[in-house]
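> Input file: start-v1.cif. Contents: mmCIF, C-alpha atoms.
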data_entry
loop_
_atom_site.label_atom_id
_atom_site.label_comp_id
_atom_site.auth_asym_id
_atom_site.auth_seq_id
_atom_site.Cartn_x
_atom_site.Cartn_y
_atom_site.Cartn_z
CA MET A 1 89.62 165.03 83.68
CA SER A 2 89.92 163.11 80.43
CA PRO A 3 87.72 160.09 79.60
CA ALA A 4 90.83 157.93 79.67
CA SER A 5 91.70 158.99 83.22
CA GLU A 6 88.10 158.44 84.31
CA LYS A 7 88.23 154.93 82.91
CA ASN A 8 91.47 154.16 84.71
CA GLU A 9 90.06 155.41 87.99
CA ASP A 10 86.97 153.26 87.51
CA ASP A 11 89.22 150.27 86.87
CA VAL A 12 91.01 150.89 90.15
CA PHE A 13 87.74 150.91 92.08
CA GLU A 14 86.63 147.81 90.18
CA ASP A 15 89.81 145.98 91.19
CA ASP A 16 89.15 146.84 94.85
CA LYS A 17 85.79 145.10 94.75
CA LYS A 18 85.79 141.60 96.22
CA PRO A 19 83.08 138.98 95.84
CA THR A 20 80.75 138.68 98.81
CA TYR A 21 78.86 135.64 100.06
CA THR A 22 76.11 134.96 102.53
CA ILE A 23 76.93 132.69 105.48
CA ASP A 24 74.87 129.92 103.91
CA GLU A 25 76.73 130.30 100.61
CA TYR A 26 80.09 130.28 102.38
CA LEU A 27 79.30 127.15 104.38
CA GLN A 28 77.84 125.42 101.33
CA GLY A 29 81.00 126.31 99.39
CA ILE A 30 83.17 124.69 102.06
CA GLU A 31 81.02 121.56 102.06
CA ASP A 32 81.08 121.36 98.25
CA ARG A 33 84.89 121.67 98.14
CA GLU A 34 85.30 119.05 100.85
CA LEU A 35 83.00 116.67 98.99
CA GLU A 36 84.81 117.26 95.69
CA ALA A 37 88.17 116.56 97.32
CA GLU A 38 86.92 113.40 99.00
CA MET A 39 85.41 112.13 95.75
CA VAL A 40 88.82 112.47 94.08
CA LEU A 41 90.76 111.00 96.99
CA GLY A 42 88.25 108.19 97.40
CA GLY A 43 88.21 108.47 101.18
CA ASP A 44 92.02 108.27 101.39
CA TYR A 45 93.09 110.81 104.03
CA GLY A 46 96.80 110.32 103.47
CA ASP A 47 97.62 108.50 106.70
CA MET A 48 99.40 105.54 105.10
CA CYS A 49 101.12 104.61 101.84
CA THR A 50 98.93 102.45 99.58
CA TYR A 51 101.89 100.30 98.40
CA GLU A 52 100.94 97.37 100.65
CA LYS A 53 97.52 97.26 98.98
CA GLY A 54 99.18 96.25 95.72
CA TYR A 55 97.85 97.33 92.34
CA MET A 56 94.69 99.09 93.42
CA LYS A 57 91.65 98.99 91.16
CA ARG A 58 91.50 102.78 91.36
CA GLN A 59 93.17 105.44 93.48
CA ALA A 60 94.10 109.12 93.46
CA LEU A 61 97.60 109.63 92.07
CA PHE A 62 100.18 112.38 91.85
CA SER A 63 103.40 112.91 89.93
CA CYS A 64 106.43 114.61 91.48
CA LEU A 65 108.26 116.56 88.80
CA THR A 66 110.96 117.52 91.30
CA CYS A 67 111.98 113.88 91.78
CA THR A 68 110.96 112.42 88.40
CA PRO A 69 110.86 115.25 85.83
CA GLU A 70 110.61 112.71 83.00
CA GLY A 71 107.17 111.75 84.30
CA ASN A 72 107.73 108.02 84.75
CA ALA A 73 106.43 107.54 88.29
CA GLY A 74 103.27 108.03 90.33
CA ILE A 75 102.79 108.45 94.07
CA CYS A 76 99.83 108.07 96.42
CA THR A 77 98.22 110.77 98.56
CA ALA A 78 100.09 109.89 101.75
CA CYS A 79 103.49 109.97 100.07
CA THR A 80 102.66 113.30 98.45
CA LEU A 81 102.10 114.78 101.92
CA SER A 82 104.86 112.98 103.83
CA CYS A 83 107.70 112.43 101.36
CA HIS A 84 107.35 115.23 98.78
CA GLU A 85 106.40 118.31 100.79
CA GLY A 86 107.47 121.45 98.97
CA HIS A 87 108.06 119.63 95.67
CA GLU A 88 106.45 120.39 92.32
CA ILE A 89 103.45 118.07 92.37
CA LEU A 90 100.98 117.27 89.59
CA GLU A 91 97.51 116.05 90.51
CA LEU A 92 96.52 113.23 88.15
CA TRP A 93 93.02 112.65 89.57
CA THR A 94 92.62 108.85 89.54
CA LYS A 95 94.23 105.95 87.68
CA ARG A 96 93.44 102.24 87.59
CA ASN A 97 95.63 99.23 88.46
CA PHE A 98 98.46 101.28 89.92
CA ARG A 99 100.91 100.74 92.78
CA CYS A 100 102.67 103.61 94.54
CA ASP A 101 106.20 104.20 93.16
CA CYS A 102 107.49 106.48 95.92
CA GLY A 103 111.03 105.57 96.97
CA ASN A 104 111.69 102.91 94.32
CA SER A 105 114.58 102.95 91.85
CA LYS A 106 113.05 105.83 89.87
CA PHE A 107 113.57 108.20 92.79
CA GLY A 108 117.33 107.88 93.19
CA ASN A 109 118.37 108.27 96.83
CA LEU A 110 114.93 109.24 98.09
CA ILE A 111 113.48 106.61 100.44
CA CYS A 112 109.78 106.46 101.18
CA LYS A 113 109.22 107.59 104.77
CA LEU A 114 106.06 105.52 105.11
CA GLN A 115 107.08 102.25 103.43
CA ALA A 116 110.84 101.90 103.07
CA SER A 117 110.84 98.35 101.70
CA LYS A 118 109.57 98.36 98.11
CA ASP A 119 110.34 96.60 94.84
CA LEU A 120 112.81 98.38 92.57
CA GLU A 121 110.04 98.89 90.03
CA ASN A 122 106.30 98.28 89.71
CA VAL A 123 106.35 96.49 86.36
CA ASP A 124 102.57 96.47 85.91
CA ASN A 125 102.15 100.23 86.29
CA SER A 126 101.25 102.19 83.15
CA TYR A 127 102.30 105.77 82.47
CA ASN A 128 101.28 108.33 79.86
CA HIS A 129 102.14 111.95 79.16
CA ASN A 130 99.82 113.06 81.97
CA PHE A 131 102.63 112.18 84.39
CA LYS A 132 104.71 114.91 82.71
CA GLY A 133 101.89 117.43 82.93
CA THR A 134 100.57 117.33 79.35
CA TYR A 135 97.22 116.11 78.06
CA CYS A 136 95.10 115.47 74.98
CA THR A 137 96.25 114.81 71.41
CA CYS A 138 97.68 118.35 71.38
CA ASP A 139 100.06 117.46 74.24
CA ARG A 140 99.40 120.74 76.08
CA PRO A 141 99.41 121.45 79.85
CA TYR A 142 96.28 122.13 81.89
CA PRO A 143 95.62 124.84 82.67
CA ASP A 144 97.22 126.12 79.48
CA PRO A 145 98.98 129.46 80.03
CA ASP A 146 98.36 130.39 76.39
CA VAL A 147 94.57 129.95 76.57
CA GLU A 148 92.05 132.28 78.18
CA ASP A 149 88.71 131.03 79.55
CA GLU A 150 89.75 127.41 79.13
CA GLU A 151 86.98 124.80 79.39
CA GLU A 152 87.29 121.80 81.64
CA MET A 153 88.79 118.77 79.93
CA VAL A 154 87.05 115.39 79.71
CA GLN A 155 88.61 111.98 80.44
CA CYS A 156 88.52 108.82 78.35
CA CYS A 157 87.52 105.77 80.41
CA ILE A 158 89.83 103.51 78.36
CA CYS A 159 93.23 105.26 78.06
CA GLU A 160 92.46 107.66 80.98
CA ASP A 161 93.98 110.60 79.11
CA TRP A 162 92.24 113.98 79.25
CA PHE A 163 90.98 115.78 76.13
CA HIS A 164 89.84 119.18 75.00
CA ARG A 165 86.29 119.06 73.71
CA GLU A 166 87.38 120.27 70.27
CA HIS A 167 89.83 117.36 69.95
CA LEU A 168 87.37 114.48 70.20
CA GLY A 169 86.85 114.01 66.47
CA LEU A 170 83.30 115.36 66.57
CA GLU A 171 81.71 117.20 63.68
CA SER A 172 81.86 120.99 63.70
CA SER A 173 78.12 121.01 64.43
CA GLU A 174 78.50 118.73 67.48
CA THR A 175 79.66 119.03 71.06
CA ILE A 176 79.63 116.80 74.11
CA PRO A 177 76.18 115.95 75.51
CA ILE A 178 75.43 118.56 78.19
CA ASP A 179 72.29 120.13 79.64
CA GLU A 180 71.44 123.82 79.80
CA GLU A 181 73.48 124.23 82.97
CA GLY A 182 76.55 122.62 81.42
CA GLN A 183 76.24 119.32 83.29
CA VAL A 184 77.26 116.26 81.28
CA LEU A 185 74.52 113.83 80.27
CA TYR A 186 76.71 110.75 79.95
CA GLU A 187 78.58 108.50 82.38
CA ASP A 188 81.67 107.53 80.37
CA LEU A 189 83.56 108.84 77.35
CA ILE A 190 85.69 106.81 74.95
CA CYS A 191 88.06 109.02 72.99
CA GLN A 192 88.51 108.99 69.23
CA GLY A 193 91.74 106.99 69.48
CA CYS A 194 90.18 104.26 71.64
CA SER A 195 86.88 104.04 69.76
CA ALA A 196 88.31 101.55 67.23
CA THR A 197 89.27 99.20 70.07
CA CYS A 198 85.72 99.43 71.38
CA SER A 199 83.94 99.01 68.04
CA PHE A 200 82.33 95.86 69.45
CA LEU A 201 79.97 98.15 71.38
CA THR A 202 78.04 98.75 68.15
CA LEU A 203 76.63 95.23 68.53
CA TYR A 204 74.86 96.21 71.76
CA PRO A 205 71.47 97.95 72.11
CA GLN A 206 71.52 101.59 71.10
CA SER A 207 70.33 102.59 74.58
CA ILE A 208 73.89 102.42 75.92
CA PHE A 209 74.89 105.41 73.76
CA VAL A 210 74.30 109.12 74.21
CA ALA A 211 74.52 111.07 70.96
CA PRO A 212 76.61 114.25 70.84
CA LYS A 213 74.70 117.45 71.40
CA LYS A 214 73.70 118.68 67.94
CA LEU A 215 74.07 122.34 67.06
CA ASP A 216 71.73 123.79 64.42
CA MET A 217 73.83 126.14 62.30
CA GLU A 218 71.93 129.34 61.48
CA THR A 219 73.22 131.90 59.00
CA ASN A 220 73.78 135.40 60.35
CA ASP A 221 72.97 137.71 57.41
CA GLU A 222 74.56 140.78 58.97
CA GLU A 223 77.91 139.24 59.92
CA GLY A 224 77.98 136.37 57.45
CA LYS A 225 78.88 133.94 60.21
CA GLY A 226 77.25 130.74 61.42
CA LYS A 227 75.82 130.91 64.92
CA GLY A 228 75.35 127.74 66.94
CA LYS A 229 72.10 127.10 68.71
CA GLY A 230 72.10 124.15 71.11
CA LYS A 231 69.78 121.31 70.44
CA GLU A 232 70.19 118.23 72.60
CA ILE A 233 69.88 114.87 70.95
CA LEU A 234 69.96 111.93 73.31
CA ASP A 235 70.16 108.38 72.14
CA GLU A 236 68.06 105.66 73.66
CA ALA A 237 65.60 103.05 72.46
CA SER A 238 64.38 99.85 73.99
CA SER A 239 65.88 96.66 72.66
CA ALA A 240 64.93 93.02 72.94
CA CYS A 241 66.33 89.73 71.75
CA ALA A 242 64.52 89.00 68.52
CA SER A 243 65.81 85.49 67.99
CA PRO A 244 68.32 83.06 69.49
CA GLY A 245 71.89 84.07 68.75
CA LYS A 246 71.21 87.74 67.93
CA ILE A 247 70.61 91.05 69.66
CA GLU A 248 67.85 93.00 67.95
CA GLY A 249 69.34 95.47 65.47
CA ALA A 250 72.61 93.59 65.04
CA SER A 251 74.03 93.28 61.53
CA SER A 252 73.86 89.96 59.72
CA ASP A 253 77.51 90.61 58.90
CA PRO A 254 79.22 90.84 62.29
CA THR A 255 82.16 92.78 60.84
CA LYS A 256 79.84 95.64 59.85
CA PRO A 257 78.31 97.64 62.72
CA SER A 258 74.64 98.52 62.46
CA GLY A 259 71.85 100.23 64.37
CA ILE A 260 71.83 103.59 66.11
CA GLY A 261 75.02 102.77 67.99
CA ALA A 262 76.87 102.33 64.71
CA ASN A 263 75.34 105.53 63.36
CA ILE A 264 76.66 107.48 66.33
CA LEU A 265 80.16 106.10 65.84
CA SER A 266 80.17 106.76 62.10
CA GLY A 267 78.81 110.29 62.46
CA ASP A 268 75.17 109.77 61.46
CA VAL A 269 72.97 110.97 64.30
CA PRO A 270 69.46 109.45 64.37
CA SER A 271 66.34 111.56 64.25
CA THR A 272 64.51 112.50 67.41
CA GLU A 273 61.75 110.03 66.56
CA GLU A 274 64.26 107.22 67.07
CA LEU A 275 65.39 108.53 70.42
CA GLY A 276 63.97 108.20 73.88
CA SER A 277 65.11 109.14 77.38
CA SER A 278 68.74 108.90 78.49
CA GLU A 279 68.19 106.07 80.95
CA ILE A 280 68.88 102.42 80.14
CA SER A 281 65.79 100.37 80.81
CA ARG A 282 65.77 97.40 83.17
CA LYS A 283 64.88 95.27 80.17
CA ASP A 284 68.11 96.24 78.44
CA LEU A 285 70.19 95.57 81.54
CA SER A 286 69.10 91.95 81.88
CA LEU A 287 71.37 89.34 80.31
CA LYS A 288 69.56 87.63 77.47
CA ASN A 289 70.35 84.03 76.62
CA CYS A 290 70.58 84.73 72.91
CA SER A 291 73.32 82.23 72.19
CA TYR A 292 74.97 79.41 74.09
CA ASP A 293 78.71 78.97 74.45
CA SER A 294 78.93 75.19 74.74
CA SER A 295 82.64 75.29 75.61
CA SER A 296 82.07 77.34 78.75
CA GLY A 297 78.44 76.64 79.55
CA THR A 298 77.80 80.38 79.60
CA ALA A 299 75.15 82.24 77.63
CA CYS A 300 76.50 84.77 75.11
CA GLN A 301 74.52 87.90 74.39
CA LEU A 302 75.98 88.60 70.97
CA GLY A 303 75.86 85.24 69.23
CA ILE A 304 79.21 85.78 67.49
CA ASP A 305 82.85 85.20 68.32
CA LEU A 306 84.35 88.69 68.65
CA VAL A 307 87.90 87.32 68.42
CA ASP A 308 87.26 86.13 64.87
CA ALA A 309 84.68 88.67 63.72
CA ALA A 310 84.96 91.99 65.55
CA PRO A 311 83.07 94.84 63.80
CA LEU A 312 85.02 97.47 61.90
CA LEU A 313 84.44 101.22 61.81
CA ASN A 314 84.95 103.48 58.81
CA ASN A 315 85.02 106.70 60.80
CA ASN A 316 86.27 106.84 64.38
CA LYS A 317 84.95 109.49 66.74
CA ALA A 318 84.45 109.86 70.47
CA ILE A 319 81.76 107.68 72.05
CA PHE A 320 79.50 108.85 74.89
CA LEU A 321 77.96 106.13 77.03
CA ASN A 322 74.92 106.08 79.24
CA LYS A 323 74.59 105.33 82.92
CA ASP A 324 75.09 101.64 83.82
CA TRP A 325 76.16 100.72 80.28
CA ARG A 326 78.82 98.35 81.61
CA HIS A 327 76.14 96.16 83.18
CA LEU A 328 75.02 95.16 79.70
CA LEU A 329 78.38 93.81 78.52
CA CYS A 330 78.45 90.09 77.80
CA ARG A 331 80.53 88.09 80.28
CA CYS A 332 80.75 84.75 78.52
CA ASP A 333 84.19 83.16 78.20
CA LYS A 334 84.64 84.05 74.52
CA CYS A 335 83.73 87.71 74.99
CA SER A 336 85.83 87.91 78.15
CA ASN A 337 88.79 86.50 76.21
CA PHE A 338 88.22 89.16 73.55
CA TYR A 339 88.22 91.93 76.18
CA LYS A 340 91.47 90.53 77.54
CA GLN A 341 93.08 90.57 74.09
CA LYS A 342 92.00 94.19 73.65
CA SER A 343 93.25 95.07 77.18
CA VAL A 344 89.81 96.29 78.29
CA SER A 345 88.93 93.55 80.80
CA PHE A 346 88.61 96.27 83.44
CA LEU A 347 85.27 97.22 81.89
CA LEU A 348 83.78 94.20 83.65
CA VAL A 349 85.10 95.28 87.06
CA LYS A 350 82.45 97.14 89.02
CA ASP A 351 84.94 99.15 91.08
CA ASP A 352 86.75 100.39 87.96
CA SER A 353 84.25 103.03 86.91
CA ILE A 354 84.58 106.62 88.11
CA ALA A 355 80.89 106.64 89.03
CA GLU A 356 81.33 103.64 91.35
CA TYR A 357 84.53 105.10 92.80
CA GLU A 358 82.77 108.38 93.60
CA ASP A 359 79.72 106.60 95.04
CA GLN A 360 81.97 104.65 97.40
CA ALA A 361 83.77 107.87 98.38
CA LYS A 362 80.42 109.53 99.21
CA GLN A 363 79.41 106.54 101.30
CA ARG A 364 82.71 106.58 103.23
CA ARG A 365 82.29 110.32 103.81
CA GLU A 366 78.80 109.85 105.25
CA GLU A 367 80.05 107.05 107.49
CA ARG A 368 82.97 109.21 108.67
CA LEU A 369 80.73 112.19 109.46
CA GLN A 370 78.30 109.96 111.35
CA GLN A 371 81.19 108.49 113.33
CA GLN A 372 82.53 111.96 114.14
CA GLU A 373 79.11 113.02 115.36
CA GLN A 374 78.79 109.92 117.50
CA ASN A 375 82.29 110.45 118.92
CA SER A 376 81.37 114.01 119.86
CA VAL A 377 78.20 112.82 121.60
CA ASN A 378 80.12 110.13 123.47
CA LEU A 379 82.80 112.62 124.53
CA PHE A 380 80.20 115.05 125.84
CA ASN A 381 78.31 112.32 127.70
CA ASN A 382 81.50 111.19 129.43
CA LEU A 383 82.26 114.67 130.79
CA GLY A 384 81.47 115.72 134.35
CA HIS A 385 78.65 118.10 135.22
CA VAL A 386 80.92 121.15 135.53
CA GLU A 387 82.56 120.55 132.13
CA LYS A 388 79.16 120.13 130.47
CA VAL A 389 77.91 123.40 131.97
CA GLU A 390 81.04 125.24 130.77
CA ILE A 391 80.62 123.93 127.21
CA MET A 392 76.93 124.84 127.07
CA SER A 393 77.71 128.27 128.51
CA GLY A 394 80.42 128.83 125.86
CA ILE A 395 78.02 127.87 123.07
CA ALA A 396 75.36 130.23 124.46
CA ASP A 397 77.89 133.07 124.67
CA MET A 398 78.95 132.55 121.06
CA GLN A 399 75.34 132.44 119.84
CA SER A 400 74.61 135.64 121.72
CA GLU A 401 77.71 137.44 120.43
CA ILE A 402 77.07 136.45 116.82
CA GLY A 403 73.39 137.47 117.13
CA ASN A 404 74.30 140.89 118.52
CA PHE A 405 76.97 141.35 115.86
CA LEU A 406 74.59 140.61 112.98
CA ALA A 407 71.74 142.65 114.49
CA SER A 408 73.98 145.74 114.66
CA ARG A 409 74.91 145.63 110.98
CA ASP A 410 73.22 146.52 107.72
CA ASN A 411 72.29 143.37 105.80
CA SER A 412 73.94 144.79 102.70
CA GLU A 413 77.25 145.36 104.52
CA ALA A 414 79.89 142.68 103.98
CA VAL A 415 81.60 140.98 106.93
CA THR A 416 85.37 141.41 106.75
CA PRO A 417 88.16 139.32 108.33
CA ALA A 418 88.74 142.19 110.77
CA ASP A 419 85.08 141.96 111.88
CA VAL A 420 85.42 138.24 112.59
CA TYR A 421 88.66 138.82 114.50
CA GLN A 422 86.98 141.50 116.63
CA LEU A 423 84.01 139.21 117.34
CA PHE A 424 86.28 136.55 118.84
CA GLU A 425 88.24 139.17 120.76
CA ASN A 426 84.96 140.26 122.36
CA LEU A 427 84.21 136.67 123.27
CA LYS A 428 87.63 136.23 124.89
CA ASN A 429 87.24 139.45 126.87
CA LYS A 430 83.80 138.33 128.05
CA ARG A 431 85.22 135.01 129.24
CA ARG A 432 88.00 136.80 131.14
CA ARG A 433 85.47 138.96 132.97
CA GLN A 434 83.46 135.87 133.92
CA ILE A 435 86.57 134.24 135.35
#
Please express what this file holds, its structure, as structure tokens.

Amino acid sequence: MSPASEKNEDDVFEDDKKPTYTIDEYLQGIEDRELEAEMVLGGDYGDMCTYEKGYMKRQALFSCLTCTPEGNAGICTACTLSCHEGHEILELWTKRNFRCDCGNSKFGNLICKLQASKDLENVDNSYNHNFKGTYCTCDRPYPDPDVEDEEEMVQCCICEDWFHREHLGLESSETIPIDEEGQVLYEDLICQGCSATCSFLTLYPQSIFVAPKKLDMETNDEEGKGKGKGKEILDEASSACASPGKIEGASSDPTKPSGIGANILSGDVPSTEELGSSEISRKDLSLKNCSYDSSSGTACQLGIDLVDAAPLLNNNKAIFLNKDWRHLLCRCDKCSNFYKQKSVSFLLVKDDSIAEYEDQAKQRREERLQQQEQNSVNLFNNLGHVEKVEIMSGIADMQSEIGNFLASRDNSEAVTPADVYQLFENLKNKRRRQI
């Protein structure tokens, strides 16, 4: 037998191998997938169209390419299940300030089964190329059929587009801030294209930023190639109001960003001596009465009018922001008017952030599971004595059958679907004999 034929035979056996899991791993996998789905859906179980709720602050959305191949409409979870079964559906994750389009003028003769009466068009909805199934500045689909081992994309909290990590405008020696296990170390990302709009963030304490993960480039003498070695650099330092009208570290010229925040945006990463932990301190989160807006009677944190003197950036790149950074944003009338002009007023809305959306989804999940458990207890308590005995007997039989099944097997032997089927057949046969 030739080496080639031996290799092919080995490949055949390798293909026959299937991954195995312990019962705990299997159950944990189910729970993890359920939690992930509920965090995306936000506790929406698809029982009613969200149209009547108006332009929701944030909701899970889908695009039906069968009905709207040009990608100019979005539909809610319920309509995806009830009105577009069997269609080509794109999952868009979540979008802000959106109202379900299903059945409006963009869908031709299709009428929404859940909410027939709708406006011809939702004029305040916004659409981007995600609704057509493409993402990033490269306008490619995800997953990309031409790319192997594709990394997960990251989303900008401003434009809500998704980006490949190599298309964020970072230096070749930088990558997104992640830990050793690949978990991100920031709460929000602002893409390279939106960073100019958000240049005003450079006037805030540097603790709101997380610096890109810096890679030390080492020369490989044998191959003549640079090899990246991860070195995390996180950006945080305490900040206080040095004098009325100014945040400490702010430039005397408000059109020129300064401090560590400005360094991060311009590409100059501070040394580790200037950095602290990745948490924003309580001191930074408190609103400081640095300047007084006499027209509104509201204290301004920045001491400048952003409408007239917004900072400028020489080099735009993606911005990574720390947990709770939005809490620090000034909410005086002048700053709020500036946010409105820049179309980023949503940054002041607590429910807008993905972190808040997911926290609320987790809370609704816990409440639902608790309610299900209570309903089960109530149902059992309302049963008669005979029914209770039958249920307890059935549970005991199942425990016994599973125990015997596992005790008769080698721990290294995988449980197959046929084994599970046979187990339940044995249970049914046992119940027949008892009857």
> If you apply the PyMOL selection byres ((chain A and resi 77) around 12) to this file, what residues do you get, as a PyMOL selection string?
chain A and resi 37-38+40-51+59-64+74-76+78-85+89-94+99-102+114
> For the residues in that selection, give me C-alpha atoms as a compact mmCIF listing (two decimals), in the coordinates of the input.

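Written out: selection33.txt:
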# COMPACT_ATOMS: atom_id res chain seq x y z
CA ALA A 37 88.17 116.56 97.32
CA GLU A 38 86.92 113.40 99.00
CA VAL A 40 88.82 112.47 94.08
CA LEU A 41 90.76 111.00 96.99
CA GLY A 42 88.25 108.19 97.40
CA GLY A 43 88.21 108.47 101.18
CA ASP A 44 92.02 108.27 101.39
CA TYR A 45 93.09 110.81 104.03
CA GLY A 46 96.80 110.32 103.47
CA ASP A 47 97.62 108.50 106.70
CA MET A 48 99.40 105.54 105.10
CA CYS A 49 101.12 104.61 101.84
CA THR A 50 98.93 102.45 99.58
CA TYR A 51 101.89 100.30 98.40
CA GLN A 59 93.17 105.44 93.48
CA ALA A 60 94.10 109.12 93.46
CA LEU A 61 97.60 109.63 92.07
CA PHE A 62 100.18 112.38 91.85
CA SER A 63 103.40 112.91 89.93
CA CYS A 64 106.43 114.61 91.48
CA GLY A 74 103.27 108.03 90.33
CA ILE A 75 102.79 108.45 94.07
CA CYS A 76 99.83 108.07 96.42
CA ALA A 78 100.09 109.89 101.75
CA CYS A 79 103.49 109.97 100.07
CA THR A 80 102.66 113.30 98.45
CA LEU A 81 102.10 114.78 101.92
CA SER A 82 104.86 112.98 103.83
CA CYS A 83 107.70 112.43 101.36
CA HIS A 84 107.35 115.23 98.78
CA GLU A 85 106.40 118.31 100.79
CA ILE A 89 103.45 118.07 92.37
CA LEU A 90 100.98 117.27 89.59
CA GLU A 91 97.51 116.05 90.51
CA LEU A 92 96.52 113.23 88.15
CA TRP A 93 93.02 112.65 89.57
CA THR A 94 92.62 108.85 89.54
CA ARG A 99 100.91 100.74 92.78
CA CYS A 100 102.67 103.61 94.54
CA ASP A 101 106.20 104.20 93.16
CA CYS A 102 107.49 106.48 95.92
CA LEU A 114 106.06 105.52 105.11
> Where does region 106-162 of chain A meet region 340-356 of chain A within 10 Å, residue by residue, with the nearest atom pair and distance in Å to one decimal for each, counting all atoms listed in the file, listed by chain and rising number, as a Markdown table?

| residue | atom | partner | partner_atom | distance |
| --- | --- | --- | --- | --- |
| A:Cys157 | CA | A:Ser353 | CA | 7.8 |
| A:Ile158 | CA | A:Val344 | CA | 7.2 |
| A:Cys159 | CA | A:Val344 | CA | 9.6 |
> Which residues would end up in the selection if the PyMOL selection byres ((chain A and resi 141) around 12) were applied here, given that I need the answer as a PyMOL selection string?
chain A and resi 90+129-140+142-147+150+153+162-164
> In terms of the shortest atom-to-atom distance over only C-alpha atoms, which of A:Glu151, A:Glu121, A:Glu358, A:Glu174 is closest to Glu187 (chain A)?
A:Glu358
> Please measure the separation of CA of Thr175 (chain A) and CA of Gln206 (chain A), giving the value in Å to one decimal.
19.2 Å
> Emit as JSON the padded axis-aligned box for all listed atoms of region 407-426 of chain A, 5 Å per side, with centre and edge lengths in Å to one decimal.

{"center_x": 80.2, "center_y": 141.5, "center_z": 112.5, "size_x": 27.0, "size_y": 20.0, "size_z": 29.7}
> Please compute the CA of Gln370 (chain A)-CA of Lys388 (chain A) distance, one decimal, in Å.
21.7 Å
> Just to confirm, what's the straight-line distance from CA of Tyr26 (chain A) to CA of Ile402 (chain A) in Å (one decimal)?
16.0 Å
> Which residues are close to Ser412 (chain A), i.e. within 10 Å by all atoms listed in the file, leaving aside same-chain residues fewer than 3 positions away? Reply as a list in words.
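Returned residues: Thr20, Arg409 and Val415 of chain A.
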> Using only C-alpha atoms, which of the listed residues (A:His385, A:Arg326, A:Lys118, A:Lys95) sits closest to Leu201 (chain A)?
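Between A:His385, A:Arg326, A:Lys118, A:Lys95, the residue approaching Leu201 (chain A) most closely is A:Arg326.
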